[in-house]
file run_4.cif (mmCIF, C-alpha atoms)
data_run
loop_
_atom_site.label_atom_id
_atom_site.label_comp_id
_atom_site.auth_asym_id
_atom_site.auth_seq_id
_atom_site.Cartn_x
_atom_site.Cartn_y
_atom_site.Cartn_z
CA MET A 189 -47.37 -48.98 -49.68
CA ARG A 190 -49.64 -47.01 -52.04
CA SER A 191 -50.70 -48.43 -55.38
CA ASP A 192 -49.72 -46.62 -58.60
CA LEU A 193 -53.26 -45.31 -59.02
CA GLU A 194 -53.31 -43.99 -55.48
CA THR A 195 -49.93 -42.35 -56.04
CA ARG A 196 -51.10 -40.66 -59.26
CA THR A 197 -54.23 -39.42 -57.50
CA ALA A 198 -52.14 -38.18 -54.62
CA ILE A 199 -49.77 -36.33 -56.94
CA SER A 200 -52.57 -34.64 -58.84
CA ALA A 201 -54.21 -33.59 -55.57
CA SER A 202 -50.98 -32.36 -54.05
CA PRO A 203 -50.51 -28.59 -53.84
CA GLU A 204 -46.87 -29.19 -54.75
CA PRO A 205 -47.17 -31.89 -57.44
CA HIS A 206 -43.45 -32.17 -58.09
CA LEU A 207 -42.49 -32.23 -54.45
CA GLY A 208 -41.95 -35.99 -54.33
CA GLU A 209 -39.84 -35.77 -57.46
CA ARG A 210 -37.77 -32.93 -56.02
CA LEU A 211 -37.32 -34.79 -52.76
CA ARG A 212 -36.20 -37.94 -54.53
CA GLU A 213 -33.64 -35.90 -56.46
CA LEU A 214 -31.93 -34.85 -53.26
CA PRO A 215 -28.55 -36.48 -52.66
CA ASP A 216 -29.23 -39.76 -50.90
CA VAL A 217 -25.82 -40.24 -49.37
CA ALA A 218 -24.14 -38.38 -46.57
CA ARG A 219 -20.77 -38.80 -45.00
CA PRO A 220 -21.33 -41.09 -42.01
CA PRO A 221 -20.19 -39.72 -38.66
CA TYR A 222 -17.47 -42.37 -38.27
CA ASP A 223 -15.88 -45.30 -40.08
CA TYR A 224 -16.26 -49.01 -39.36
CA ALA A 225 -13.31 -49.11 -36.92
CA GLU A 226 -14.91 -46.43 -34.76
CA PHE A 227 -18.34 -48.05 -35.07
CA SER A 228 -16.85 -51.34 -33.98
CA ARG A 229 -15.16 -49.71 -30.99
CA ARG A 230 -18.40 -48.00 -29.92
CA TYR A 231 -20.34 -51.21 -30.37
CA SER A 232 -17.91 -53.14 -28.15
CA ARG A 233 -18.09 -50.43 -25.51
CA ARG A 234 -21.87 -50.51 -25.57
CA ARG A 235 -21.99 -54.28 -25.27
CA ALA A 236 -19.62 -54.11 -22.32
CA ARG A 237 -21.92 -51.56 -20.68
CA GLU A 238 -24.94 -53.77 -21.30
CA THR A 239 -23.15 -56.74 -19.78
CA GLN A 240 -22.40 -54.68 -16.68
CA ARG A 241 -25.95 -53.41 -16.35
CA PRO A 242 -27.28 -56.31 -14.20
CA VAL A 243 -24.27 -55.88 -11.90
CA ARG A 244 -25.01 -52.17 -11.58
CA LEU A 245 -28.68 -52.83 -10.87
CA LEU A 246 -27.71 -55.32 -8.20
CA ALA A 247 -25.31 -52.80 -6.68
CA ALA A 248 -28.04 -50.14 -6.67
CA ALA A 249 -30.49 -52.53 -4.99
CA LEU A 250 -27.84 -53.40 -2.41
CA ALA A 251 -27.20 -49.70 -1.81
CA VAL A 252 -30.90 -49.13 -1.11
CA VAL A 253 -30.95 -52.01 1.40
CA VAL A 254 -27.80 -50.71 3.09
CA ALA A 255 -29.25 -47.19 3.15
CA GLY A 256 -32.37 -48.52 4.85
CA TRP A 257 -30.29 -50.35 7.41
CA VAL A 258 -28.10 -47.29 8.03
CA LEU A 259 -31.20 -45.18 8.41
CA LYS A 260 -32.55 -47.48 11.09
CA GLN A 261 -29.23 -47.79 12.90
CA GLY A 262 -27.93 -44.29 12.38
CA LEU A 263 -30.90 -42.32 13.55
CA PRO A 264 -31.37 -43.32 17.20
CA GLY A 265 -34.86 -43.03 18.44
CA LEU A 266 -36.31 -42.90 14.95
CA ILE A 267 -37.76 -46.31 15.53
CA GLY A 268 -38.97 -46.06 19.04
CA THR A 269 -39.62 -48.90 21.37
CA VAL A 270 -43.09 -50.33 21.51
CA ALA A 271 -44.87 -48.66 24.34
CA THR A 272 -47.85 -49.77 26.25
CA VAL A 273 -50.10 -47.02 27.29
CA ALA A 274 -52.64 -47.68 29.94
CA ASP A 275 -55.83 -45.79 29.70
CA ALA A 276 -56.75 -43.20 32.22
CA PRO A 277 -58.88 -44.56 35.07
CA GLN A 278 -62.03 -42.93 33.69
CA ARG A 279 -61.57 -44.71 30.36
CA PRO A 280 -63.15 -48.13 30.12
CA ASP A 281 -61.19 -48.97 26.92
CA PRO A 282 -58.66 -51.80 27.10
CA PRO A 283 -54.93 -50.97 27.20
CA LEU A 284 -53.61 -49.73 23.87
CA ARG A 285 -50.42 -51.11 22.31
CA VAL A 286 -48.88 -48.52 20.06
CA ALA A 287 -45.83 -48.28 17.85
CA PRO A 288 -43.38 -45.41 18.16
CA VAL A 289 -44.53 -42.14 19.60
CA ASN A 290 -41.11 -40.54 19.84
CA SER A 291 -40.10 -38.88 16.59
CA GLY A 292 -37.88 -36.21 18.14
CA ALA A 293 -34.61 -37.58 16.79
CA ALA A 294 -35.98 -37.89 13.29
CA GLU A 295 -37.35 -34.36 13.47
CA SER A 296 -34.01 -32.97 14.66
CA TRP A 297 -32.27 -34.80 11.86
CA LEU A 298 -34.80 -33.49 9.32
CA GLN A 299 -34.39 -29.93 10.53
CA ALA A 300 -30.63 -30.18 10.15
CA GLN A 301 -30.95 -31.15 6.49
CA PRO A 302 -30.47 -28.38 3.94
CA ARG A 303 -33.19 -27.79 1.39
CA GLN A 304 -32.02 -28.99 -1.97
CA ALA A 305 -31.91 -26.53 -4.82
CA ILE A 306 -32.37 -29.18 -7.47
CA VAL A 307 -34.92 -31.87 -6.74
CA ARG A 308 -36.54 -34.76 -8.54
CA VAL A 309 -40.21 -34.01 -9.06
CA PRO A 310 -41.68 -37.43 -8.05
CA THR A 311 -39.59 -37.56 -4.85
CA GLN A 312 -40.30 -33.94 -4.04
CA MET A 313 -44.03 -34.59 -4.48
CA ALA A 314 -43.77 -37.41 -1.94
CA VAL A 315 -41.95 -35.07 0.44
CA THR A 316 -44.56 -32.35 0.04
CA GLU A 317 -47.37 -34.85 0.49
CA LEU A 318 -45.83 -36.19 3.72
CA GLU A 319 -45.20 -32.67 5.03
CA ASP A 320 -48.82 -31.76 4.33
CA GLN A 321 -50.07 -34.82 6.16
CA ILE A 322 -47.83 -34.07 9.14
CA ALA A 323 -49.11 -30.50 9.22
CA THR A 324 -52.70 -31.79 9.16
CA LEU A 325 -51.96 -34.14 12.04
CA ASP A 326 -50.34 -31.27 13.97
CA ASP A 327 -53.58 -29.32 13.58
CA GLN A 328 -55.60 -32.29 14.77
CA LEU A 329 -53.28 -32.79 17.74
CA ASN A 330 -53.59 -29.12 18.72
CA ALA A 331 -57.34 -29.27 18.40
CA ALA A 332 -57.46 -32.47 20.47
CA ARG A 333 -55.29 -30.96 23.20
CA LEU A 334 -57.37 -27.78 23.36
CA SER A 335 -60.69 -29.58 23.59
CA GLN A 336 -61.04 -32.47 25.96
CA PRO A 337 -57.78 -34.33 25.81
CA GLN A 338 -58.31 -38.05 25.48
CA ALA A 339 -55.19 -40.09 26.03
CA ARG A 340 -56.17 -42.74 23.52
CA GLN A 341 -56.89 -40.26 20.72
CA LEU A 342 -53.71 -38.30 21.42
CA VAL A 343 -51.58 -41.42 21.39
CA LEU A 344 -53.08 -42.57 18.10
CA LEU A 345 -52.49 -39.18 16.51
CA GLN A 346 -48.93 -39.05 17.83
CA ARG A 347 -48.26 -42.55 16.55
CA ASP A 348 -49.52 -41.64 13.07
CA ARG A 349 -47.42 -38.51 13.16
CA ALA A 350 -44.31 -40.40 14.19
CA GLN A 351 -44.81 -42.85 11.35
CA LEU A 352 -45.17 -40.02 8.86
CA VAL A 353 -42.04 -38.31 10.20
CA GLU A 354 -40.18 -41.60 9.87
CA SER A 355 -41.33 -41.96 6.26
CA LEU A 356 -40.35 -38.37 5.57
CA ALA A 357 -36.90 -38.97 7.05
CA GLN A 358 -36.46 -42.02 4.84
CA VAL A 359 -37.43 -40.14 1.69
CA ARG A 360 -35.16 -37.21 2.58
CA TYR A 361 -32.31 -39.59 3.34
CA ALA A 362 -32.81 -41.24 -0.05
CA GLN A 363 -32.81 -37.79 -1.65
CA ASN A 364 -29.50 -37.04 0.06
CA LEU A 365 -28.02 -40.29 -1.17
CA VAL A 366 -29.04 -39.50 -4.72
CA ALA A 367 -27.70 -35.96 -4.48
CA GLY A 368 -24.41 -37.30 -3.11
CA LEU A 369 -24.76 -35.38 0.15
CA PRO A 370 -23.35 -36.87 3.34
CA MET B 147 -23.22 -43.98 -56.06
CA THR B 148 -25.92 -46.65 -55.89
CA ARG B 149 -29.14 -45.69 -54.13
CA LEU B 150 -29.64 -47.28 -50.74
CA THR B 151 -32.59 -49.34 -51.89
CA GLU B 152 -30.52 -50.84 -54.69
CA ILE B 153 -27.45 -51.87 -52.68
CA ARG B 154 -26.78 -55.59 -52.89
CA VAL B 155 -23.88 -57.57 -51.50
CA ALA B 156 -22.24 -60.77 -52.64
CA GLU B 157 -23.28 -63.99 -50.93
CA GLY B 158 -19.75 -64.53 -49.61
CA VAL B 159 -19.58 -61.10 -47.99
CA LEU B 160 -22.99 -61.63 -46.41
CA ALA B 161 -22.01 -65.02 -45.05
CA GLY B 162 -18.77 -63.56 -43.67
CA ALA B 163 -20.58 -60.70 -41.98
CA ARG B 164 -23.08 -63.13 -40.47
CA ALA B 165 -20.17 -65.14 -39.12
CA GLY B 166 -18.78 -61.99 -37.53
CA GLU B 167 -15.80 -61.47 -39.83
CA PRO B 168 -14.63 -57.86 -39.41
CA ASP B 169 -13.57 -57.46 -43.05
CA ALA B 170 -16.95 -58.51 -44.37
CA GLN B 171 -18.75 -56.33 -41.83
CA ALA B 172 -16.52 -53.40 -42.75
CA ARG B 173 -17.45 -53.82 -46.41
CA ILE B 174 -21.14 -53.89 -45.61
CA TYR B 175 -20.75 -50.89 -43.33
CA ALA B 176 -18.95 -48.93 -46.05
CA LEU B 177 -21.73 -49.72 -48.51
CA LEU B 178 -24.70 -49.00 -46.26
CA ALA B 179 -23.54 -46.25 -43.90
CA PRO B 180 -23.71 -43.23 -46.30
CA GLY B 181 -27.25 -44.02 -47.45
CA VAL B 182 -28.52 -45.00 -44.02
CA PHE B 183 -27.10 -41.88 -42.41
CA ALA B 184 -28.52 -39.64 -45.15
CA LEU B 185 -31.98 -41.16 -44.70
CA ILE B 186 -31.94 -40.78 -40.91
CA ARG B 187 -30.56 -37.27 -41.13
CA ARG B 188 -33.23 -36.26 -43.60
CA ILE B 189 -36.03 -37.49 -41.36
CA LEU B 190 -34.70 -36.35 -38.00
CA GLY B 191 -32.90 -33.18 -39.07
CA GLY B 192 -30.53 -32.74 -36.12
CA ARG B 193 -27.07 -34.20 -36.56
CA ALA B 194 -26.49 -35.27 -32.96
CA VAL B 195 -29.73 -37.23 -32.71
CA ALA B 196 -29.21 -38.61 -36.20
CA GLU B 197 -25.85 -39.98 -35.09
CA ASP B 198 -27.45 -41.76 -32.12
CA VAL B 199 -30.15 -43.30 -34.28
CA PHE B 200 -27.59 -44.17 -36.95
CA GLN B 201 -25.55 -46.13 -34.43
CA ASP B 202 -28.65 -47.97 -33.19
CA THR B 203 -29.60 -48.75 -36.77
CA MET B 204 -26.22 -50.14 -37.75
CA ILE B 205 -26.04 -52.22 -34.60
CA THR B 206 -29.47 -53.64 -35.39
CA VAL B 207 -28.42 -54.34 -38.97
CA PHE B 208 -25.45 -56.44 -37.86
CA GLU B 209 -27.28 -58.09 -34.99
CA GLN B 210 -30.25 -59.01 -37.17
CA LEU B 211 -28.27 -59.94 -40.27
CA HIS B 212 -29.07 -63.63 -39.76
CA ARG B 213 -32.76 -62.75 -40.21
CA TYR B 214 -32.22 -61.05 -43.57
CA ARG B 215 -33.83 -63.41 -46.09
CA GLN B 216 -32.50 -61.71 -49.24
CA GLU B 217 -36.00 -61.12 -50.62
CA ALA B 218 -35.06 -57.50 -51.24
CA PRO B 219 -31.67 -55.77 -51.68
CA LEU B 220 -29.73 -55.44 -48.44
CA GLY B 221 -29.89 -51.65 -48.72
CA ALA B 222 -33.69 -51.69 -48.82
CA TRP B 223 -33.77 -53.92 -45.76
CA ALA B 224 -31.35 -51.63 -43.90
CA GLY B 225 -33.41 -48.62 -45.02
CA LYS B 226 -36.50 -50.15 -43.42
CA ILE B 227 -34.62 -50.56 -40.17
CA ALA B 228 -33.41 -46.96 -40.39
CA LEU B 229 -36.98 -45.73 -40.95
CA SER B 230 -38.31 -47.84 -38.13
CA ARG B 231 -35.62 -46.58 -35.74
CA SER B 232 -36.22 -42.96 -36.76
CA LEU B 233 -39.97 -43.28 -36.24
CA MET B 234 -39.43 -44.96 -32.89
CA PHE B 235 -37.34 -41.96 -31.97
CA LEU B 236 -40.01 -39.51 -33.11
CA ARG B 237 -42.69 -41.34 -31.12
CA SER B 238 -40.85 -40.64 -27.87
CA PRO B 239 -42.02 -37.31 -26.38
CA TRP B 240 -38.69 -36.78 -24.62
CA GLN B 241 -36.71 -37.41 -27.78
CA ARG B 242 -38.97 -35.04 -29.75
CA ALA B 243 -38.21 -32.37 -27.18
CA ARG B 244 -34.49 -33.14 -27.46
CA LEU B 245 -34.76 -32.76 -31.20
CA SER B 246 -36.39 -29.36 -30.90
CA PHE B 247 -33.67 -28.19 -28.45
CA GLY B 248 -31.01 -28.90 -31.04
CA SER B 249 -32.84 -27.79 -34.14
CA HIS B 250 -32.00 -24.10 -33.86
CA GLU B 251 -28.31 -24.70 -33.49
CA ASP B 252 -28.34 -27.13 -36.38
CA ALA B 253 -30.23 -24.71 -38.59
CA GLU B 254 -27.74 -21.96 -37.81
CA VAL B 255 -24.79 -24.19 -38.65
CA TRP B 256 -26.49 -25.31 -41.82
CA LEU B 257 -27.26 -21.78 -42.93
CA ALA B 258 -23.71 -20.65 -42.20
CA ARG B 259 -22.32 -23.40 -44.42
CA ALA B 260 -24.83 -23.08 -47.23
CA ASP B 261 -23.96 -20.79 -50.09
CA LEU B 262 -27.43 -19.88 -51.19
CA SER B 263 -26.24 -17.84 -54.15
CA LEU B 264 -25.01 -20.95 -55.94
CA PRO B 265 -26.57 -21.18 -59.39
CA GLY B 266 -27.94 -24.34 -60.99
CA PRO B 267 -29.17 -27.61 -59.53
CA ASP B 268 -27.18 -27.26 -56.29
CA ALA B 269 -29.08 -24.14 -55.39
CA ALA B 270 -32.36 -25.88 -56.16
CA ALA B 271 -31.41 -28.83 -53.99
CA CYS B 272 -30.38 -26.39 -51.29
CA ASP B 273 -33.78 -24.81 -51.49
CA VAL B 274 -35.57 -28.13 -51.08
CA GLU B 275 -33.27 -29.01 -48.18
CA ARG B 276 -34.05 -25.71 -46.53
CA ALA B 277 -37.75 -26.15 -47.12
CA LEU B 278 -37.64 -29.58 -45.52
CA ALA B 279 -35.56 -28.28 -42.63
CA SER B 280 -38.20 -25.63 -41.96
CA LEU B 281 -40.75 -28.32 -41.09
CA ALA B 282 -41.26 -29.78 -37.63
CA PRO B 283 -39.67 -33.23 -37.26
CA THR B 284 -42.97 -35.14 -37.31
CA ALA B 285 -44.28 -33.23 -40.31
CA ARG B 286 -40.98 -33.75 -42.12
CA ALA B 287 -41.17 -37.48 -41.47
CA VAL B 288 -44.75 -37.62 -42.73
CA VAL B 289 -43.83 -35.73 -45.91
CA TRP B 290 -40.86 -37.99 -46.53
CA LEU B 291 -42.77 -41.21 -45.92
CA TYR B 292 -45.67 -40.11 -48.10
CA GLU B 293 -43.87 -38.38 -50.94
CA VAL B 294 -40.66 -40.41 -51.22
CA GLU B 295 -41.23 -43.77 -49.59
CA GLY B 296 -44.75 -44.01 -50.98
CA TRP B 297 -46.44 -44.94 -47.71
CA SER B 298 -50.21 -44.59 -47.44
CA HIS B 299 -51.87 -42.45 -44.77
CA GLU B 300 -52.97 -45.66 -43.04
CA GLU B 301 -49.38 -46.91 -42.85
CA ILE B 302 -48.09 -43.57 -41.59
CA ALA B 303 -50.84 -43.37 -38.99
CA ALA B 304 -50.08 -46.90 -37.80
CA SER B 305 -46.37 -46.22 -37.56
CA PHE B 306 -46.99 -43.16 -35.36
CA GLY B 307 -49.72 -44.90 -33.38
CA ARG B 308 -52.15 -42.15 -34.44
CA THR B 309 -55.24 -41.77 -36.60
CA VAL B 310 -55.39 -41.37 -40.37
CA SER B 311 -56.58 -37.78 -39.82
CA PHE B 312 -53.32 -37.08 -38.02
CA SER B 313 -51.33 -38.15 -41.07
CA LYS B 314 -53.56 -36.20 -43.45
CA SER B 315 -53.51 -33.03 -41.39
CA GLN B 316 -49.75 -33.21 -40.89
CA LEU B 317 -49.27 -33.59 -44.63
CA ALA B 318 -51.72 -30.81 -45.49
CA ARG B 319 -50.03 -28.40 -43.10
CA ALA B 320 -46.60 -29.38 -44.36
CA HIS B 321 -47.72 -28.83 -47.96
CA GLN B 322 -49.08 -25.43 -47.01
CA ARG B 323 -45.79 -24.50 -45.41
CA LEU B 324 -43.75 -25.82 -48.31
CA ARG B 325 -45.93 -23.93 -50.77
CA ALA B 326 -45.26 -20.76 -48.79
CA TRP B 327 -41.58 -21.58 -49.03
CA PHE B 328 -41.52 -22.26 -52.76
CA GLU B 329 -44.03 -19.59 -53.78
CA PRO B 330 -43.96 -16.92 -51.09
CA GLU B 331 -46.08 -14.49 -53.10
CA ALA B 332 -48.84 -17.09 -53.58
CA ALA B 333 -49.01 -17.72 -49.88
CA GLN B 334 -49.51 -14.03 -49.03
CA PRO B 335 -53.02 -13.23 -47.81
CA CYS B 336 -55.07 -11.22 -50.32
CA ALA B 337 -55.00 -7.50 -49.71
CA PRO B 338 -58.45 -5.97 -49.10
CA THR B 339 -59.76 -4.13 -52.14
#

call {"tool": "encode", "arguments": {"input": "run_4.cif", "output": "structure tokens"}}
result
Amino acid sequence: MRSDLETRTAISASPEPHLGERLRELPDVARPPYDYAEFSRRYSRRRARETQRPVRLLAAALAVVVAGWVLKQGLPGLIGTVATVADAPQRPDPPLRVAPVNSGAAESWLQAQPRQAIVRVPTQMAVTELEDQIATLDDQLNAARLSQPQARQLVLLQRDRAQLVESLAQVRYAQNLVAGLP
Amino acid sequence: MTRLTEIRVAEGVLAGARAGEPDAQARIYALLAPGVFALIRRILGGRAVAEDVFQDTMITVFEQLHRYRQEAPLGAWAGKIALSRSLMFLRSPWQRARLSFGSHEDAEVWLARADLSLPGPDAAACDVERALASLAPTARAVVWLYEVEGWSHEEIAASFGRTVSFSKSQLARAHQRLRAWFEPEAAQPCAPT
């Protein structure tokens, strides 16, 4: 709070010296938007909502877990079986154990999904980022196939691509859930 | 009507309200609500957002009533909560944007209701109200805190989480705008001779 001296100095320096006075003269009461009964009703409703909030959060968390499970179960082939790929005879490298290389089902599912007109920016950024990375890997795969195809390199690239497609499918599925699409 | 900062309540009513008695709370609400709502409305401008902040403020008043130590009148204490809630609102970028969405509509409604040809003190008050309404929400809050509540630039800066220069420049610009409002001819740029 300013001291009296500071206030006097401020008033004399003000381009509108009587402004404070004029503002203080304004009516300092206004009809409140509702009476106590309505306030009390709104307050009770709000408290009830706040009490239910942890339950809602728990339900949302449960929904995410269920969605993840449905995604894994409902999209056959999305999580492929672990495959062992033996190197070509000319390759001295040891056998390579790789995670899924088959992303066909996920890709078919993704292609069947409509593009959403209204999107959430953070989620859409993740989608765009994943799509860019998949496109980059596609380029690398094409380049690898055109040059001297090496089974090990191709498998690694395909594995990375399959993982990205899987992630993309998960994000798109989450988007659908949020948008209320089937 | 008693000014908000001068509103006091009897010990019995206060004790009843603290104990959650609806009658006592209703009495306190009836005493505080008009002043609290006027203060919030004056700082925030828009009616819809003012109603939200008003509800938050009154809830806080009743929830925190046990902390009120009666060092100042109850109205002054409630006024501080109202100011704090309004400033918290203004600090939120999203809420500021929300305020600016609604400001045009509010201004239109206000202008439609206001009879600006009224003579006497009402017209003068109308003019000051209109001048205040012409300011951006942050500038209006700074003017109100500085001119009416008597806050220093340091206090205003701290409450907005900004520098003292912010408070000073906001006030200077608001003064310039208000001067243009009150003395339009003085604010005109000089014609070349």

call {"tool": "interface_residues", "arguments": {"input": "run_4.cif", "of": "chain B", "to": "chain A", "cutoff": "9 Å", "atoms": "all atoms listed in the file", "output": "JSON, numbers by chain"}}
result
{"B": [147, 149, 150, 168, 171, 172, 173, 175, 176, 179, 180, 181, 182, 183, 184, 185, 187, 197, 200, 201, 204, 205, 270, 271, 272, 274, 275, 278, 289, 290, 292, 293, 294, 295, 296, 297, 298, 299, 301, 318, 321, 322, 324, 325, 328]}

call {"tool": "residues_around", "arguments": {"input": "run_4.cif", "residues": "Gly221 (chain B)", "least_positions_apart": "5", "cutoff": "8 Å", "atoms": "only C-alpha atoms", "output": "list in words"}}
result
Leu150, Thr151, Glu152, Ile153, Arg154 and Leu178 of chain B

call {"tool": "resolve_selection", "arguments": {"input": "run_4.cif", "expression": "the PyMOL selection byres ((chain B and resi 159-162) around 12)", "output": "compact mmCIF listing (two decimals) with C-alpha atoms, in the frame of the given file"}}
result
# COMPACT_ATOMS: atom_id res chain seq x y z
CA ARG B 154 -26.78 -55.59 -52.89
CA VAL B 155 -23.88 -57.57 -51.50
CA ALA B 156 -22.24 -60.77 -52.64
CA GLU B 157 -23.28 -63.99 -50.93
CA GLY B 158 -19.75 -64.53 -49.61
CA ALA B 163 -20.58 -60.70 -41.98
CA ARG B 164 -23.08 -63.13 -40.47
CA ALA B 165 -20.17 -65.14 -39.12
CA GLY B 166 -18.78 -61.99 -37.53
CA GLU B 167 -15.80 -61.47 -39.83
CA PRO B 168 -14.63 -57.86 -39.41
CA ASP B 169 -13.57 -57.46 -43.05
CA ALA B 170 -16.95 -58.51 -44.37
CA GLN B 171 -18.75 -56.33 -41.83
CA ALA B 172 -16.52 -53.40 -42.75
CA ARG B 173 -17.45 -53.82 -46.41
CA ILE B 174 -21.14 -53.89 -45.61
CA TYR B 175 -20.75 -50.89 -43.33
CA LEU B 177 -21.73 -49.72 -48.51
CA VAL B 207 -28.42 -54.34 -38.97
CA PHE B 208 -25.45 -56.44 -37.86
CA LEU B 211 -28.27 -59.94 -40.27
CA HIS B 212 -29.07 -63.63 -39.76
CA ARG B 213 -32.76 -62.75 -40.21
CA TYR B 214 -32.22 -61.05 -43.57
CA ARG B 215 -33.83 -63.41 -46.09
CA GLN B 216 -32.50 -61.71 -49.24
CA PRO B 219 -31.67 -55.77 -51.68
CA LEU B 220 -29.73 -55.44 -48.44

call {"tool": "resolve_selection", "arguments": {"input": "run_4.cif", "expression": "the PyMOL selection byres ((chain B and resi 233) around 9)", "output": "PDB file with C-alpha atoms, in the coordinates of the input"}}
result
ATOM      1  CA  ILE B 189     -36.030 -37.490 -41.360  1.00  0.00           C
ATOM      2  CA  LEU B 190     -34.700 -36.350 -38.000  1.00  0.00           C
ATOM      3  CA  ALA B 228     -33.410 -46.960 -40.390  1.00  0.00           C
ATOM      4  CA  LEU B 229     -36.980 -45.730 -40.950  1.00  0.00           C
ATOM      5  CA  SER B 230     -38.310 -47.840 -38.130  1.00  0.00           C
ATOM      6  CA  ARG B 231     -35.620 -46.580 -35.740  1.00  0.00           C
ATOM      7  CA  SER B 232     -36.220 -42.960 -36.760  1.00  0.00           C
ATOM      8  CA  MET B 234     -39.430 -44.960 -32.890  1.00  0.00           C
ATOM      9  CA  PHE B 235     -37.340 -41.960 -31.970  1.00  0.00           C
ATOM     10  CA  LEU B 236     -40.010 -39.510 -33.110  1.00  0.00           C
ATOM     11  CA  ARG B 237     -42.690 -41.340 -31.120  1.00  0.00           C
ATOM     12  CA  SER B 238     -40.850 -40.640 -27.870  1.00  0.00           C
ATOM     13  CA  THR B 284     -42.970 -35.140 -37.310  1.00  0.00           C
ATOM     14  CA  ALA B 287     -41.170 -37.480 -41.470  1.00  0.00           C
ATOM     15  CA  SER B 305     -46.370 -46.220 -37.560  1.00  0.00           C
ATOM     16  CA  PHE B 306     -46.990 -43.160 -35.360  1.00  0.00           C
TER      17      PHE B 306
END

call {"tool": "atom_distance", "arguments": {"input": "run_4.cif", "atom1": "CA of Val310 (chain B)", "atom2": "CA of Pro283 (chain B)"}}
result
18.0 Å

call {"tool": "atom_distance", "arguments": {"input": "run_4.cif", "atom1": "CA of Gln351 (chain A)", "atom2": "CA of Asp326 (chain A)"}}
result
13.1 Å

call {"tool": "atom_distance", "arguments": {"input": "run_4.cif", "atom1": "CA of Ala320 (chain B)", "atom2": "CA of Leu281 (chain B)"}}
result
6.8 Å

call {"tool": "residues_around", "arguments": {"input": "run_4.cif", "residues": "Asp320 (chain A)", "least_positions_apart": "4", "cutoff": "12 Å", "atoms": "all atoms listed in the file", "output": "JSON, numbers by chain"}}
result
{"A": [313, 314, 315, 316, 324, 325, 326, 327, 349, 352, 353, 356]}

call {"tool": "build_atoms", "arguments": {"input": "run_4.cif", "residues": "region 217-228 of chain A", "atoms": "N, CA and C atoms", "output": "mmCIF file, in the frame of the given file"}}
result
data_model
loop_
_atom_site.group_PDB
_atom_site.id
_atom_site.type_symbol
_atom_site.label_atom_id
_atom_site.label_comp_id
_atom_site.auth_asym_id
_atom_site.auth_seq_id
_atom_site.Cartn_x
_atom_site.Cartn_y
_atom_site.Cartn_z
ATOM 1 N N VAL A 217 -26.943 -39.762 -50.186
ATOM 2 C CA VAL A 217 -25.820 -40.240 -49.370
ATOM 3 C C VAL A 217 -25.283 -39.068 -48.554
ATOM 4 N N ALA A 218 -24.774 -39.386 -47.411
ATOM 5 C CA ALA A 218 -24.140 -38.380 -46.570
ATOM 6 C C ALA A 218 -22.953 -39.034 -45.897
ATOM 7 N N ARG A 219 -21.960 -38.225 -45.621
ATOM 8 C CA ARG A 219 -20.770 -38.800 -45.000
ATOM 9 C C ARG A 219 -21.143 -39.291 -43.598
ATOM 10 N N PRO A 220 -20.967 -40.593 -43.341
ATOM 11 C CA PRO A 220 -21.330 -41.090 -42.010
ATOM 12 C C PRO A 220 -20.446 -40.477 -40.930
ATOM 13 N N PRO A 221 -20.945 -40.415 -39.705
ATOM 14 C CA PRO A 221 -20.190 -39.720 -38.660
ATOM 15 C C PRO A 221 -18.864 -40.387 -38.315
ATOM 16 N N TYR A 222 -18.742 -41.689 -38.564
ATOM 17 C CA TYR A 222 -17.470 -42.370 -38.270
ATOM 18 C C TYR A 222 -17.348 -43.606 -39.159
ATOM 19 N N ASP A 223 -16.120 -44.130 -39.224
ATOM 20 C CA ASP A 223 -15.880 -45.300 -40.080
ATOM 21 C C ASP A 223 -16.168 -46.596 -39.311
ATOM 22 N N TYR A 224 -15.910 -47.724 -39.970
ATOM 23 C CA TYR A 224 -16.260 -49.010 -39.360
ATOM 24 C C TYR A 224 -15.444 -49.270 -38.091
ATOM 25 N N ALA A 225 -14.158 -48.857 -38.099
ATOM 26 C CA ALA A 225 -13.310 -49.110 -36.920
ATOM 27 C C ALA A 225 -13.895 -48.425 -35.683
ATOM 28 N N GLU A 226 -14.322 -47.173 -35.875
ATOM 29 C CA GLU A 226 -14.910 -46.430 -34.760
ATOM 30 C C GLU A 226 -16.260 -47.036 -34.356
ATOM 31 N N PHE A 227 -17.043 -47.418 -35.351
ATOM 32 C CA PHE A 227 -18.340 -48.050 -35.070
ATOM 33 C C PHE A 227 -18.131 -49.309 -34.234
ATOM 34 N N SER A 228 -17.144 -50.094 -34.663
ATOM 35 C CA SER A 228 -16.850 -51.340 -33.980
ATOM 36 C C SER A 228 -16.428 -51.092 -32.534
#
